[in-house]
file model17.txt (compact mmCIF, C-alpha atoms and all ligand atoms)
# COMPACT_ATOMS: atom_id res chain seq x y z
CA SER A 1 -73.87 118.46 -290.21
CA GLY A 2 -74.65 115.62 -292.56
CA PRO A 3 -73.39 112.11 -293.12
CA ILE A 4 -69.64 112.42 -293.47
CA TRP A 5 -69.16 109.64 -295.96
CA LYS A 6 -71.44 111.38 -298.44
CA LYS A 7 -69.19 114.44 -298.44
CA ASP A 8 -65.80 112.84 -298.83
CA GLY A 9 -66.79 109.33 -299.81
CA ALA A 10 -69.18 108.21 -302.52
CA GLY A 11 -70.42 111.18 -304.56
CA LYS A 12 -72.53 114.15 -303.58
CA GLY A 13 -75.28 112.17 -301.81
CA PRO A 14 -79.06 112.54 -301.86
CA ASP A 15 -80.76 115.93 -302.29
CA ALA A 16 -82.88 117.42 -299.52
CA ALA A 17 -86.20 115.81 -300.54
CA VAL A 18 -84.64 112.36 -300.85
CA MET A 19 -82.74 112.83 -297.61
CA ASP A 20 -85.99 113.74 -295.92
CA PHE A 21 -87.61 110.62 -297.34
CA LEU A 22 -84.75 108.37 -296.18
CA ALA A 23 -84.67 109.82 -292.68
CA GLY A 24 -88.41 110.44 -292.30
CA GLU A 25 -89.77 108.97 -289.13
CA ASP A 26 -86.68 106.78 -288.72
CA VAL A 27 -84.39 109.41 -287.29
CA VAL A 28 -87.05 110.37 -284.75
CA LEU A 29 -87.64 106.72 -283.80
CA ASP A 30 -83.90 106.28 -283.40
CA ARG A 31 -84.21 108.52 -280.32
CA GLN A 32 -85.58 105.39 -278.61
CA LEU A 33 -82.71 103.25 -279.88
CA ILE A 34 -79.72 105.57 -279.67
CA GLY A 35 -79.03 104.82 -276.00
CA PHE A 36 -78.63 101.14 -276.90
CA ASP A 37 -76.52 102.15 -279.92
CA ILE A 38 -74.23 104.17 -277.64
CA THR A 39 -73.82 101.22 -275.24
CA ALA A 40 -73.04 98.88 -278.13
CA SER A 41 -70.63 101.41 -279.66
CA GLN A 42 -68.72 101.60 -276.38
CA ALA A 43 -68.40 97.80 -276.31
CA HIS A 44 -67.26 97.80 -279.95
CA VAL A 45 -64.57 100.39 -279.10
CA ALA A 46 -63.36 98.23 -276.18
CA GLY A 47 -63.14 95.28 -278.57
CA LEU A 48 -61.10 97.31 -281.07
CA GLU A 49 -58.70 98.22 -278.27
CA THR A 50 -58.31 94.55 -277.32
CA ILE A 51 -57.22 93.60 -280.85
CA GLY A 52 -54.87 96.60 -281.08
CA VAL A 53 -56.81 98.59 -283.67
CA LEU A 54 -57.26 101.43 -281.18
CA SER A 55 -54.77 102.64 -278.59
CA ALA A 56 -55.87 102.77 -274.96
CA ASP A 57 -56.02 106.57 -275.21
CA GLU A 58 -58.13 106.53 -278.37
CA ALA A 59 -60.51 104.01 -276.87
CA ARG A 60 -60.90 106.08 -273.72
CA GLN A 61 -61.62 109.25 -275.75
CA LEU A 62 -64.26 107.44 -277.78
CA VAL A 63 -65.95 105.78 -274.79
CA ASP A 64 -66.00 109.10 -272.90
CA GLY A 65 -67.15 110.98 -275.99
CA LEU A 66 -70.04 108.55 -276.39
CA GLU A 67 -70.94 109.02 -272.72
CA THR A 68 -70.95 112.79 -273.18
CA ILE A 69 -73.31 112.42 -276.12
CA ARG A 70 -75.59 110.19 -274.01
CA GLY A 71 -75.76 112.85 -271.31
CA GLU A 72 -76.37 115.70 -273.74
CA LEU A 73 -79.14 113.78 -275.51
CA ALA A 74 -80.78 113.18 -272.13
CA SER A 75 -80.56 116.85 -271.13
CA GLY A 76 -81.79 118.04 -274.53
CA GLU A 77 -78.54 119.90 -275.24
CA ARG A 78 -78.11 117.67 -278.27
CA VAL A 79 -81.03 116.60 -280.48
CA LEU A 80 -81.25 113.78 -282.96
CA ASN A 81 -83.07 115.39 -285.87
CA ALA A 82 -83.60 115.07 -289.62
CA ALA A 83 -80.21 116.65 -290.36
CA PHE A 84 -79.04 113.03 -290.04
CA GLU A 85 -79.98 110.02 -292.08
CA ASP A 86 -80.28 107.96 -288.91
CA GLY A 87 -79.00 107.72 -285.34
CA HIS A 88 -75.95 105.72 -286.37
CA SER A 89 -74.63 108.36 -288.75
CA ALA A 90 -75.38 111.02 -286.12
CA LEU A 91 -73.13 109.28 -283.58
CA GLU A 92 -70.20 109.10 -285.98
CA THR A 93 -70.69 112.72 -287.06
CA TRP A 94 -70.89 113.98 -283.47
CA LEU A 95 -67.86 112.00 -282.36
CA THR A 96 -65.86 113.41 -285.27
CA GLU A 97 -66.98 116.97 -284.50
CA ASP A 98 -66.19 116.55 -280.80
CA LEU A 99 -62.94 114.56 -280.96
CA GLY A 100 -61.52 115.28 -284.40
CA ALA A 101 -60.04 112.48 -286.50
CA VAL A 102 -60.17 109.90 -283.71
CA GLY A 103 -63.98 110.16 -283.77
CA GLY A 104 -64.12 108.47 -287.15
CA LYS A 105 -62.26 105.45 -285.77
CA VAL A 106 -65.40 104.26 -284.01
CA HIS A 107 -66.66 102.77 -287.26
CA THR A 108 -63.66 100.54 -288.03
CA GLY A 109 -64.84 96.96 -288.44
CA ARG A 110 -68.56 97.62 -288.23
CA SER A 111 -71.47 98.60 -290.42
CA ARG A 112 -74.67 100.42 -289.65
CA ASN A 113 -76.24 97.07 -290.47
CA ASP A 114 -74.85 95.26 -287.43
CA GLN A 115 -75.14 98.50 -285.46
CA VAL A 116 -78.92 98.69 -285.93
CA ALA A 117 -79.32 94.95 -285.40
CA VAL A 118 -77.51 95.04 -282.05
CA ALA A 119 -79.38 98.15 -280.90
CA MET A 120 -82.70 96.54 -281.79
CA ARG A 121 -81.88 93.32 -279.94
CA LEU A 122 -80.85 95.28 -276.84
CA TYR A 123 -84.09 97.27 -277.12
CA LEU A 124 -86.18 94.11 -277.48
CA LYS A 125 -84.49 92.45 -274.50
CA ASP A 126 -85.30 95.53 -272.43
CA ARG A 127 -88.93 95.72 -273.57
CA LEU A 128 -89.52 91.98 -273.14
CA ALA A 129 -88.19 92.20 -269.58
CA ARG A 130 -90.62 95.08 -268.98
CA LEU A 131 -93.41 93.04 -270.55
CA ALA A 132 -92.64 90.11 -268.26
CA GLY A 133 -92.47 92.48 -265.28
CA THR A 134 -95.83 94.10 -265.93
CA CYS A 135 -97.49 90.71 -266.55
CA MET A 136 -96.09 89.43 -263.27
CA GLU A 137 -97.33 92.50 -261.43
CA THR A 138 -100.81 91.92 -262.83
CA ALA A 139 -100.67 88.24 -261.87
CA GLY A 140 -99.54 89.20 -258.37
CA VAL A 141 -102.50 91.55 -257.84
CA LEU A 142 -104.92 88.93 -259.19
CA LEU A 143 -103.55 86.13 -256.99
CA LYS A 144 -103.66 88.30 -253.89
CA ARG A 145 -107.30 89.15 -254.52
CA ALA A 146 -108.07 85.54 -255.47
CA ALA A 147 -106.81 84.35 -252.07
CA ALA A 148 -108.80 87.01 -250.21
CA GLU A 149 -112.01 86.71 -252.24
CA ALA A 150 -111.92 83.07 -253.31
CA ASP A 151 -115.34 82.11 -252.00
CA ILE A 152 -117.47 84.99 -253.27
CA PRO A 153 -120.00 83.34 -255.61
CA MET A 154 -120.27 84.50 -259.17
CA PRO A 155 -122.21 83.02 -262.09
CA GLY A 156 -120.15 81.18 -264.67
CA TYR A 157 -121.12 81.69 -268.32
CA THR A 158 -120.73 79.74 -271.53
CA HIS A 159 -122.08 81.31 -274.72
CA LEU A 160 -122.72 84.28 -272.40
CA GLN A 161 -125.61 82.25 -270.97
CA ARG A 162 -125.71 81.34 -267.28
CA ALA A 163 -124.01 77.96 -266.96
CA MET A 164 -122.72 76.93 -263.52
CA PRO A 165 -121.96 78.57 -260.21
CA ALA A 166 -118.43 79.87 -260.18
CA SER A 167 -116.57 82.33 -257.98
CA VAL A 168 -114.72 85.59 -257.97
CA GLY A 169 -111.66 83.58 -256.94
CA MET A 170 -111.92 81.48 -260.08
CA TRP A 171 -112.24 84.54 -262.32
CA LEU A 172 -109.27 86.25 -260.64
CA ALA A 173 -107.00 83.20 -260.56
CA GLY A 174 -107.92 82.33 -264.14
CA HIS A 175 -106.68 85.67 -265.39
CA ALA A 176 -103.66 85.37 -263.06
CA GLU A 177 -102.63 82.12 -264.70
CA ALA A 178 -102.97 83.75 -268.12
CA PHE A 179 -100.61 86.57 -267.15
CA ILE A 180 -98.14 84.13 -265.59
CA ASP A 181 -98.10 82.31 -268.94
CA ASN A 182 -97.59 85.63 -270.70
CA ALA A 183 -94.67 86.53 -268.45
CA ALA A 184 -93.12 83.10 -269.12
CA LEU A 185 -93.52 83.62 -272.87
CA ALA A 186 -91.92 87.08 -272.70
CA ILE A 187 -88.95 85.66 -270.79
CA ALA A 188 -88.60 82.69 -273.17
CA THR A 189 -88.71 85.07 -276.14
CA ARG A 190 -86.10 87.30 -274.56
CA ASP A 191 -83.82 84.28 -274.09
CA TRP A 192 -84.50 83.14 -277.66
CA LEU A 193 -83.33 86.43 -279.17
CA ASP A 194 -80.50 86.98 -276.67
CA ALA A 195 -77.70 86.78 -279.27
CA SER A 196 -75.19 89.43 -280.30
CA PRO A 197 -75.03 90.34 -283.99
CA LEU A 198 -72.23 92.87 -283.41
CA GLY A 199 -69.12 91.98 -285.42
CA THR A 200 -71.03 90.65 -288.43
CA ALA A 201 -70.69 94.07 -290.12
CA SER A 202 -72.77 94.57 -293.25
CA GLY A 203 -73.67 90.89 -293.42
CA PHE A 204 -70.40 89.34 -294.61
CA GLY A 205 -68.10 89.74 -291.59
CA VAL A 206 -64.95 91.82 -291.79
CA ASN A 207 -61.25 91.12 -292.28
CA LEU A 208 -60.33 91.78 -288.64
CA PRO A 209 -60.04 89.35 -285.71
CA LEU A 210 -62.81 91.20 -283.86
CA ALA A 211 -63.18 90.40 -280.15
CA ARG A 212 -66.77 89.29 -280.67
CA GLU A 213 -66.91 87.19 -277.49
CA GLN A 214 -65.62 90.02 -275.32
CA VAL A 215 -68.11 92.46 -276.86
CA ARG A 216 -70.95 89.96 -276.46
CA GLU A 217 -70.13 89.52 -272.79
CA GLN A 218 -69.82 93.25 -272.14
CA LEU A 219 -73.29 93.76 -273.65
CA GLY A 220 -74.80 90.94 -271.60
CA PHE A 221 -75.81 88.69 -274.51
CA SER A 222 -75.81 84.98 -273.73
CA ARG A 223 -74.53 83.88 -277.14
CA LEU A 224 -73.28 85.08 -280.52
CA LEU A 225 -75.34 85.30 -283.64
CA VAL A 226 -72.78 83.32 -285.58
CA ASN A 227 -73.47 83.70 -289.28
CA PRO A 228 -73.21 87.25 -290.68
CA GLN A 229 -75.84 86.69 -293.36
CA TYR A 230 -78.31 85.37 -290.81
CA ALA A 231 -77.61 88.39 -288.59
CA GLN A 232 -79.29 90.45 -291.31
CA ASN A 233 -81.88 87.89 -292.37
CA SER A 234 -83.10 87.59 -288.78
CA ARG A 235 -84.04 91.28 -288.69
CA GLY A 236 -87.80 91.52 -288.54
CA LYS A 237 -88.19 87.85 -287.71
CA VAL A 238 -86.91 88.54 -284.23
CA GLU A 239 -89.14 91.60 -283.90
CA GLY A 240 -92.08 89.47 -285.04
CA GLN A 241 -91.57 86.98 -282.21
CA ALA A 242 -91.27 89.81 -279.71
CA LEU A 243 -94.59 91.19 -281.01
CA SER A 244 -96.12 87.71 -280.66
CA ALA A 245 -95.17 87.69 -277.00
CA LEU A 246 -96.63 91.17 -276.62
CA ALA A 247 -99.78 90.11 -278.46
CA ALA A 248 -100.29 87.16 -276.12
CA ALA A 249 -100.45 89.62 -273.22
CA THR A 250 -102.65 92.15 -275.01
CA THR A 251 -105.02 89.34 -276.04
CA ASP A 252 -105.60 88.57 -272.37
CA LEU A 253 -105.73 92.27 -271.57
CA ARG A 254 -108.48 92.56 -274.17
CA ARG A 255 -110.42 89.72 -272.57
CA VAL A 256 -110.14 91.15 -269.04
CA ALA A 257 -111.24 94.53 -270.41
CA TRP A 258 -114.18 92.90 -272.19
CA ASP A 259 -115.27 91.16 -268.99
CA LEU A 260 -115.06 94.39 -267.04
CA SER A 261 -116.92 96.42 -269.62
CA LEU A 262 -119.66 93.82 -269.52
CA PHE A 263 -119.65 93.56 -265.73
CA THR A 264 -120.00 97.34 -265.31
CA THR A 265 -123.22 97.57 -267.36
CA SER A 266 -126.42 98.21 -265.38
CA GLU A 267 -127.62 94.87 -266.74
CA PHE A 268 -124.80 92.93 -265.03
CA ASP A 269 -123.71 95.39 -262.35
CA PHE A 270 -121.14 92.93 -260.93
CA VAL A 271 -118.28 95.39 -260.74
CA SER A 272 -117.75 99.04 -260.03
CA LEU A 273 -114.66 100.65 -261.49
CA PRO A 274 -112.59 103.29 -259.70
CA ASP A 275 -113.34 106.89 -260.72
CA ASP A 276 -109.77 107.23 -262.01
CA PHE A 277 -110.66 104.95 -264.89
CA CYS A 278 -113.99 106.54 -265.87
CA THR A 279 -115.10 109.67 -267.68
CA GLY A 280 -118.35 111.58 -268.13
CA SER A 281 -120.28 112.44 -271.25
CA SER A 282 -120.21 115.88 -272.86
CA ILE A 283 -123.97 115.79 -273.44
CA MET A 284 -125.54 113.16 -271.14
CA PRO A 285 -125.21 114.28 -267.52
CA ASN A 286 -126.11 110.81 -266.24
CA LYS A 287 -123.20 109.01 -267.87
CA ARG A 288 -120.18 107.42 -266.25
CA ASN A 289 -118.22 105.70 -269.00
CA PRO A 290 -115.50 103.03 -268.65
CA ASP A 291 -113.34 104.65 -271.37
CA ALA A 292 -110.05 103.40 -269.96
CA VAL A 293 -111.24 99.80 -270.06
CA GLU A 294 -112.32 100.25 -273.67
CA LEU A 295 -108.96 101.65 -274.72
CA LEU A 296 -107.22 98.81 -272.89
CA ARG A 297 -109.26 96.50 -275.08
CA ALA A 298 -108.23 98.47 -278.18
CA ALA A 299 -104.51 98.17 -277.41
CA HIS A 300 -104.45 94.70 -278.90
CA GLY A 301 -105.59 96.19 -282.21
CA VAL A 302 -102.48 98.36 -282.33
CA VAL A 303 -100.28 95.31 -281.72
CA THR A 304 -102.10 93.24 -284.32
CA GLY A 305 -101.81 96.03 -286.88
CA ALA A 306 -98.08 96.23 -286.20
CA ARG A 307 -97.65 92.49 -286.75
CA VAL A 308 -99.39 92.68 -290.10
CA GLU A 309 -97.34 95.73 -291.12
CA LEU A 310 -94.11 94.00 -290.09
CA ASP A 311 -94.92 90.82 -291.93
CA SER A 312 -95.88 92.76 -295.04
CA ILE A 313 -92.47 94.43 -295.18
CA LEU A 314 -90.49 91.23 -294.70
CA SER A 315 -90.92 89.75 -298.16
CA LEU A 316 -87.23 90.24 -298.96
CA PRO A 317 -84.24 88.46 -300.43
CA SER A 318 -81.19 87.61 -298.29
CA GLY A 319 -78.99 90.32 -296.88
CA TYR A 320 -79.58 93.89 -295.83
CA GLN A 321 -82.28 95.83 -297.66
CA ARG A 322 -83.29 99.33 -296.67
CA ASP A 323 -86.85 98.03 -296.37
CA LEU A 324 -85.70 96.68 -293.01
CA GLN A 325 -85.70 100.22 -291.68
CA ALA A 326 -89.49 100.22 -292.19
CA THR A 327 -89.81 97.38 -289.67
CA LYS A 328 -88.90 99.77 -286.87
CA PRO A 329 -92.02 102.00 -286.71
CA PRO A 330 -94.57 99.21 -286.13
CA VAL A 331 -92.37 97.51 -283.52
CA LEU A 332 -91.67 100.66 -281.52
CA ARG A 333 -95.29 101.80 -281.82
CA ALA A 334 -96.67 98.46 -280.66
CA PHE A 335 -94.38 98.19 -277.65
CA ALA A 336 -95.11 101.79 -276.62
CA ALA A 337 -98.88 101.32 -276.86
CA GLY A 338 -98.94 97.76 -275.52
CA LEU A 339 -96.79 98.42 -272.46
CA GLN A 340 -98.58 101.67 -271.66
CA ALA A 341 -101.87 99.79 -271.59
CA LEU A 342 -100.57 96.74 -269.71
CA ASP A 343 -98.98 98.99 -267.08
CA LEU A 344 -102.42 100.33 -266.13
CA LEU A 345 -103.89 96.92 -265.44
CA PRO A 346 -102.51 96.17 -261.94
CA GLY A 347 -103.89 99.46 -260.57
CA LEU A 348 -107.28 98.89 -262.15
CA LEU A 349 -107.54 95.32 -260.89
CA ALA A 350 -106.45 96.28 -257.38
CA ALA A 351 -109.03 99.08 -257.11
CA MET A 352 -112.16 97.66 -258.75
CA GLU A 353 -114.93 96.51 -256.42
CA TRP A 354 -117.26 93.54 -256.62
CA ASN A 355 -120.98 93.89 -256.13
CA THR A 356 -121.48 90.57 -254.33
CA GLY A 357 -125.26 91.06 -253.99
CA ALA A 358 -125.77 91.35 -257.75
CA MET A 359 -123.66 88.27 -258.41
CA GLU A 360 -125.51 86.16 -255.86
CA ALA A 361 -128.83 87.32 -257.27
CA ALA A 362 -127.68 86.18 -260.70
CA LEU A 363 -127.16 82.59 -259.52
CA SER A 364 -130.42 81.01 -260.66
CA PRO A 365 -131.49 77.52 -259.44
CA ASP A 366 -131.06 75.89 -262.84
CA MET A 367 -127.33 76.58 -262.63
CA PHE A 368 -127.08 73.71 -260.12
CA ALA A 369 -128.34 71.16 -262.64
CA THR A 370 -124.86 69.93 -263.53
CA ASP A 371 -123.90 69.44 -259.86
CA LEU A 372 -127.10 67.54 -259.29
CA SER A 373 -126.51 65.34 -262.35
CA VAL A 374 -123.10 64.38 -261.02
CA GLU A 375 -124.52 63.64 -257.56
CA LEU A 376 -127.18 61.39 -259.07
CA ALA A 377 -124.63 59.66 -261.27
CA LEU A 378 -122.58 58.92 -258.15
CA GLU A 379 -125.58 56.99 -256.84
CA GLY A 380 -124.92 54.55 -259.66
CA LYS A 381 -127.07 55.85 -262.53
CA PRO A 382 -125.65 56.23 -266.04
CA PHE A 383 -124.83 59.91 -266.50
CA ARG A 384 -127.43 60.48 -269.26
CA GLU A 385 -130.19 59.19 -266.98
CA ALA A 386 -128.94 61.32 -264.09
CA TYR A 387 -128.84 64.30 -266.45
CA ARG A 388 -132.53 63.85 -267.36
CA GLU A 389 -133.58 63.39 -263.76
CA ALA A 390 -131.65 66.47 -262.69
CA ALA A 391 -133.32 68.50 -265.42
CA ALA A 392 -136.75 67.43 -264.16
CA ARG A 393 -135.93 68.16 -260.51
CA ILE A 394 -134.36 71.53 -261.25
CA ALA A 395 -137.50 72.59 -263.07
CA GLY A 396 -139.38 72.29 -259.77
CA MET A 397 -136.73 73.84 -257.52
CA ASP A 398 -137.39 77.21 -255.91
CA ALA A 399 -134.98 79.94 -254.96
CA GLY A 400 -134.78 78.70 -251.34
CA ASP A 401 -133.69 75.22 -252.41
CA ALA A 402 -131.18 76.80 -254.72
CA ALA A 403 -129.69 78.89 -251.93
CA LYS A 404 -129.39 75.73 -249.84
CA SER A 405 -127.62 73.91 -252.65
CA LEU A 406 -125.31 76.85 -252.97
CA SER A 407 -124.32 76.78 -249.30
CA GLU A 408 -123.85 73.01 -249.47
CA ARG A 409 -121.68 73.21 -252.51
CA VAL A 410 -118.21 73.60 -251.06
CA SER A 411 -116.79 76.94 -252.25
CA PRO A 412 -118.51 76.88 -255.63
CA GLY A 413 -115.85 76.95 -258.26
CA ALA A 414 -113.31 78.54 -255.93
CA PRO A 415 -109.69 77.66 -256.57
CA GLY A 416 -108.46 75.58 -253.66
CA ALA A 417 -105.58 76.83 -251.56
CA LEU A 418 -103.36 74.23 -253.19
CA LEU A 419 -104.12 75.50 -256.67
CA LEU A 420 -103.40 79.08 -255.66
CA GLU A 421 -100.13 77.91 -254.13
CA GLN A 422 -99.12 76.31 -257.43
CA LEU A 423 -99.71 79.56 -259.27
CA GLN A 424 -97.89 81.55 -256.59
CA ALA A 425 -94.91 79.18 -256.84
CA ARG A 426 -94.73 79.55 -260.61
CA LEU A 427 -94.90 83.33 -260.32
CA ALA A 428 -92.15 83.33 -257.69
CA HIS A 429 -90.00 81.15 -259.95
CA LEU A 430 -90.41 83.60 -262.87
CA GLU A 431 -89.48 86.48 -260.57
CA THR A 432 -86.15 84.82 -259.79
CA ILE A 433 -85.43 84.27 -263.51
CA LEU A 434 -86.22 87.86 -264.40
CA LYS A 435 -84.08 89.03 -261.43
N1 LIG B 1 -81.62 103.16 -290.46
C1 LIG B 1 -81.15 101.96 -291.06
C2 LIG B 1 -82.02 100.76 -290.72
O1 LIG B 1 -82.76 100.85 -289.77
C3 LIG B 1 -79.75 101.70 -290.57
C4 LIG B 1 -78.95 100.84 -291.47
C5 LIG B 1 -78.57 101.61 -292.69
N2 LIG B 1 -77.75 100.76 -293.50
C6 LIG B 1 -77.55 100.99 -294.82
N3 LIG B 1 -76.82 100.15 -295.43
N4 LIG B 1 -78.08 102.02 -295.44
O2 LIG B 1 -82.01 99.78 -291.38
call {"tool": "encode", "arguments": {"input": "model17.txt", "output": "structure tokens"}}
result
Amino acid sequence: SGPIWKKDGAGKGPDAAVMDFLAGEDVVLDRQLIGFDITASQAHVAGLETIGVLSADEARQLVDGLETIRGELASGERVLNAAFEDGHSALETWLTEDLGAVGGKVHTGRSRNDQVAVAMRLYLKDRLARLAGTCMETAGVLLKRAAAEADIPMPGYTHLQRAMPASVGMWLAGHAEAFIDNAALAIATRDWLDASPLGTASGFGVNLPLAREQVREQLGFSRLLVNPQYAQNSRGKVEGQALSALAAATTDLRRVAWDLSLFTTSEFDFVSLPDDFCTGSSIMPNKRNPDAVELLRAAHGVVTGARVELDSILSLPSGYQRDLQATKPPVLRAFAAGLQALDLLPGLLAAMEWNTGAMEAALSPDMFATDLSVELALEGKPFREAYREAAARIAGMDAGDAAKSLSERVSPGAPGALLLEQLQARLAHLETILK
């Protein structure tokens, strides 16, 4: 079965090699979008019934027929393969085979151009909600540990040189705040692209009083994408913003992974990773490698590559161009890889263990120089003078003095209960928005 309109519509259609080129990876990728396409097609059918283009019986047959297709795709009874140019043509072909002439009525008043745009927006809303969810889960794990382990001392680094005493609580809550920000960005991006393009047809509207509002509401969009030309011109742009939100999260994932890969070296030895996240070496019997952490770090590269690929394709004039099809692979690839990686983070962060002895041992006396400078400045000295005096005193301080300073320093660098509460409140607020 091939695209129907090629047989009885415009000419003989492309030969096998060209057909293969047109479908390529697209028809396989459409397996991820076709569920959204089916949902949107059912809403479109309901809209056609409302304006009297379809009878109640025809609409019911089409909605049920689409549901049957959904079930058979899920069970594997029906397969979306390269016999079709894309998922959209497959749906129309299947409906026509299953229902006869009424099947072809599904396409009245729409184009594959608004069909793919609506499916993609539904897909992006779903993936951005998942992105927000996984970021919030990570933040939740981090905040829980931050509250429990707030006061464990840990060296703080700038330039990767020992700088000031900090704490495990600060490290944990710092990454928690990052992932709360990332969840907020994912939700804001979802709201930003929450507009229905369905009813704009090929990019010029259609001469029917389509029930666009009803269809929008049935699909759960908060507003209409009003202008038909912009419905097409926004393709790719919208995906780009979704990838930006994803990239914000994978940037922080990369940084957490970097920290952990550093902290698990024998030289640092601050952290031990759960066995589930480590592998051995095929030649060196002594090795225990943090492979999972390294691939978490690499996930951002996949997302970055996808953004560049997407942007490279988007140099286009107004209106639909088939180039837009080529925006799908990088977007689907990036969300698959990015979410798979992000989903592993909460489990890793919950299970890793701190080596408190190694961290305490790494707090050298000189790291208290800044605290001392501030104390001296509070006695009334100009800060620069206090700074010099602190430097001189620190030079003569021994480890015992340093340990004393450490115990006197109230929870070195630990986030206060109030600060943790602020982060917890923001996380709870995002949870209510995401529902
Ligand atoms: N697979 C196509 C895409 O992703 C669907 C739209 C095809 N439209 C067309 N006019 N050929 O862009």
call {"tool": "residues_near_ligand", "arguments": {"input": "model17.txt", "ligand": "ligand LIG 1 (chain B)", "cutoff": "9 Å", "atoms": "all atoms listed in the file", "output": "short mmCIF file (atom, residue, chain, number, x, y, z; two decimals) with C-alpha atoms, in the coordinates of the input"}}
result
data_model
loop_
_atom_site.label_atom_id
_atom_site.label_comp_id
_atom_site.auth_asym_id
_atom_site.auth_seq_id
_atom_site.Cartn_x
_atom_site.Cartn_y
_atom_site.Cartn_z
CA LEU A 22 -84.75 108.37 -296.18
CA ALA A 23 -84.67 109.82 -292.68
CA ASP A 26 -86.68 106.78 -288.72
CA VAL A 27 -84.39 109.41 -287.29
CA ASP A 30 -83.90 106.28 -283.40
CA GLU A 85 -79.98 110.02 -292.08
CA ASP A 86 -80.28 107.96 -288.91
CA GLY A 87 -79.00 107.72 -285.34
CA HIS A 88 -75.95 105.72 -286.37
CA SER A 89 -74.63 108.36 -288.75
CA SER A 111 -71.47 98.60 -290.42
CA ARG A 112 -74.67 100.42 -289.65
CA ASN A 113 -76.24 97.07 -290.47
CA ASP A 114 -74.85 95.26 -287.43
CA GLN A 115 -75.14 98.50 -285.46
CA VAL A 116 -78.92 98.69 -285.93
CA ALA A 117 -79.32 94.95 -285.40
CA SER A 202 -72.77 94.57 -293.25
CA TYR A 320 -79.58 93.89 -295.83
CA GLN A 321 -82.28 95.83 -297.66
CA ARG A 322 -83.29 99.33 -296.67
CA ASP A 323 -86.85 98.03 -296.37
CA LEU A 324 -85.70 96.68 -293.01
CA GLN A 325 -85.70 100.22 -291.68
CA ALA A 326 -89.49 100.22 -292.19
CA THR A 327 -89.81 97.38 -289.67
CA LYS A 328 -88.90 99.77 -286.87
#
call {"tool": "atom_distance", "arguments": {"input": "model17.txt", "atom1": "atom CA of Arg223 of chain A", "atom2": "atom CA of Leu198 of chain A"}}
result
11.2 Å
call {"tool": "closest_residue", "arguments": {"input": "model17.txt", "among": "A:Glu294, A:Glu137, A:Glu309, A:Asp20", "to": "Asn81 of chain A", "atoms": "all atoms listed in the file"}}
result
A:Asp20
call {"tool": "atom_distance", "arguments": {"input": "model17.txt", "atom1": "atom CA of Gly47 of chain A", "atom2": "atom CA of Gln214 of chain A"}}
result
6.7 Å
call {"tool": "atom_distance", "arguments": {"input": "model17.txt", "atom1": "atom CA of Glu375 of chain A", "atom2": "atom CA of Ala395 of chain A"}}
result
16.7 Å
